[in-house]
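Participant: Below you'll find the structure I mean.
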Amino acid sequence: MSIKLHPKKGLAPHLTFCPRCHKEGQEIVLMGAKNFVSICPSCQGRHFGGSQGKCHFCGDSMYGAQRRELDDFERIPGELCLSCQQEEKKHREIVEAGGIYWKCKCGAFGVMTKEYPLAAKVREAANVSAPNPIGLEVENCPSCEKKA
Ligand SMILES: [Zn+2]
Ligand SMILES: [Zn+2]
Ligand SMILES: [Zn+2]
């Protein structure tokens, strides 16, 4: 492995967090000269180590993105944690069996099994049949209703 060193911070090691549930991770990632984060001007998505061209969250151009140096103890996204890996696998199985993914405006996400009438309706409307994945964006969900 070769890494371009940061002029002041050398290898610039950072601990990680799980990109899915944001729990603290165990890995150490060496950022070296890429010890910065760029913020997408459209969706405020954070790109660690920088990004050229398009934002990988919203697809807009990263032109004019703000860039700042990472703090020494700032965590960066790493691998999925074990429970997220397991949950993601379970979700994939539910979706492959005819369910759908959903994502709420509040940031919550999950899956609906094929037993929900909405799951079948969404698949029919989009003409996407199992096991192909399909997702739905919703305005509210049980987790934001609880908060309200
Ligand atoms: Zn996780
Ligand atoms: Zn974006
Ligand atoms: Zn919600």
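If you're wondering about the labels, chains in the structure tokens are A, B, ... by order shown, residues count from 1 in each chain, ligands from 1 in order shown.
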May I have the residues within 7 Å of ligand 2, computed using only C-alpha atoms and all ligand atoms, as a ChimeraX atom specification?

Facilitator: /A:40-45,55-60

Participant: Contacts between ligand 1 and chain A, please, where a residue of chain A counts if it comes within 9 Å (with only C-alpha atoms and all ligand atoms); show its shortest atom pair and distance in Å to one decimal, rows by chain and ascending number, as JSON lines.

Facilitator:
{"residue": "A:Phe17", "atom": "CA", "partner": "ligand 1", "partner_atom_place_in_ligand_line": "1 (Zn)", "distance": 7.9}
{"residue": "A:Cys18", "atom": "CA", "partner": "ligand 1", "partner_atom_place_in_ligand_line": "1 (Zn)", "distance": 4.6}
{"residue": "A:Pro19", "atom": "CA", "partner": "ligand 1", "partner_atom_place_in_ligand_line": "1 (Zn)", "distance": 6.6}
{"residue": "A:Arg20", "atom": "CA", "partner": "ligand 1", "partner_atom_place_in_ligand_line": "1 (Zn)", "distance": 5.0}
{"residue": "A:Cys21", "atom": "CA", "partner": "ligand 1", "partner_atom_place_in_ligand_line": "1 (Zn)", "distance": 4.1}
{"residue": "A:His22", "atom": "CA", "partner": "ligand 1", "partner_atom_place_in_ligand_line": "1 (Zn)", "distance": 6.0}
{"residue": "A:Lys23", "atom": "CA", "partner": "ligand 1", "partner_atom_place_in_ligand_line": "1 (Zn)", "distance": 5.7}
{"residue": "A:Glu24", "atom": "CA", "partner": "ligand 1", "partner_atom_place_in_ligand_line": "1 (Zn)", "distance": 8.3}
{"residue": "A:Gly25", "atom": "CA", "partner": "ligand 1", "partner_atom_place_in_ligand_line": "1 (Zn)", "distance": 8.5}
{"residue": "A:Glu79", "atom": "CA", "partner": "ligand 1", "partner_atom_place_in_ligand_line": "1 (Zn)", "distance": 8.5}
{"residue": "A:Leu80", "atom": "CA", "partner": "ligand 1", "partner_atom_place_in_ligand_line": "1 (Zn)", "distance": 5.3}
{"residue": "A:Cys81", "atom": "CA", "partner": "ligand 1", "partner_atom_place_in_ligand_line": "1 (Zn)", "distance": 4.3}
{"residue": "A:Leu82", "atom": "CA", "partner": "ligand 1", "partner_atom_place_in_ligand_line": "1 (Zn)", "distance": 6.8}
{"residue": "A:Ser83", "atom": "CA", "partner": "ligand 1", "partner_atom_place_in_ligand_line": "1 (Zn)", "distance": 6.0}
{"residue": "A:Cys84", "atom": "CA", "partner": "ligand 1", "partner_atom_place_in_ligand_line": "1 (Zn)", "distance": 4.3}
{"residue": "A:Gln85", "atom": "CA", "partner": "ligand 1", "partner_atom_place_in_ligand_line": "1 (Zn)", "distance": 7.3}
{"residue": "A:Glu87", "atom": "CA", "partner": "ligand 1", "partner_atom_place_in_ligand_line": "1 (Zn)", "distance": 8.9}

Participant: List all protein, DNA and RNA residues that have any atom at most 12 Å from ligand 3, counting only C-alpha atoms and all ligand atoms, and write the list as a PyMOL selection string.

Facilitator: chain A and resi 102-110+137-148

Participant: Write out, as a Markdown table, each residue of segment 68-93 of chain A that has an atom at most 12 Å from segment 120-135 of chain A, together with the closest pair of atoms and their distance in Å to one decimal, counting only C-alpha atoms, rows going by chain and rising number.

Facilitator:
| residue | atom | partner | partner_atom | distance |
| --- | --- | --- | --- | --- |
| A:His91 | CA | A:Pro133 | CA | 10.5 |
| A:Arg92 | CA | A:Pro133 | CA | 8.1 |
| A:Glu93 | CA | A:Pro131 | CA | 8.8 |

Participant: Those same residues, written as a short mmCIF file (atom, residue, chain, number, x, y, z; two decimals), in the first residue's frame with C-alpha atoms?

Facilitator:
data_model
loop_
_atom_site.label_atom_id
_atom_site.label_comp_id
_atom_site.auth_asym_id
_atom_site.auth_seq_id
_atom_site.Cartn_x
_atom_site.Cartn_y
_atom_site.Cartn_z
CA HIS A 91 -33.43 -6.62 4.27
CA ARG A 92 -32.07 -7.78 0.94
CA GLU A 93 -33.74 -11.15 1.43
#

Participant: Go ahead and compute the interatomic distance for atom CA of Lys9 of chain A and atom CA of Val37 of chain A, in Å to one decimal.

Facilitator: 15.2 Å
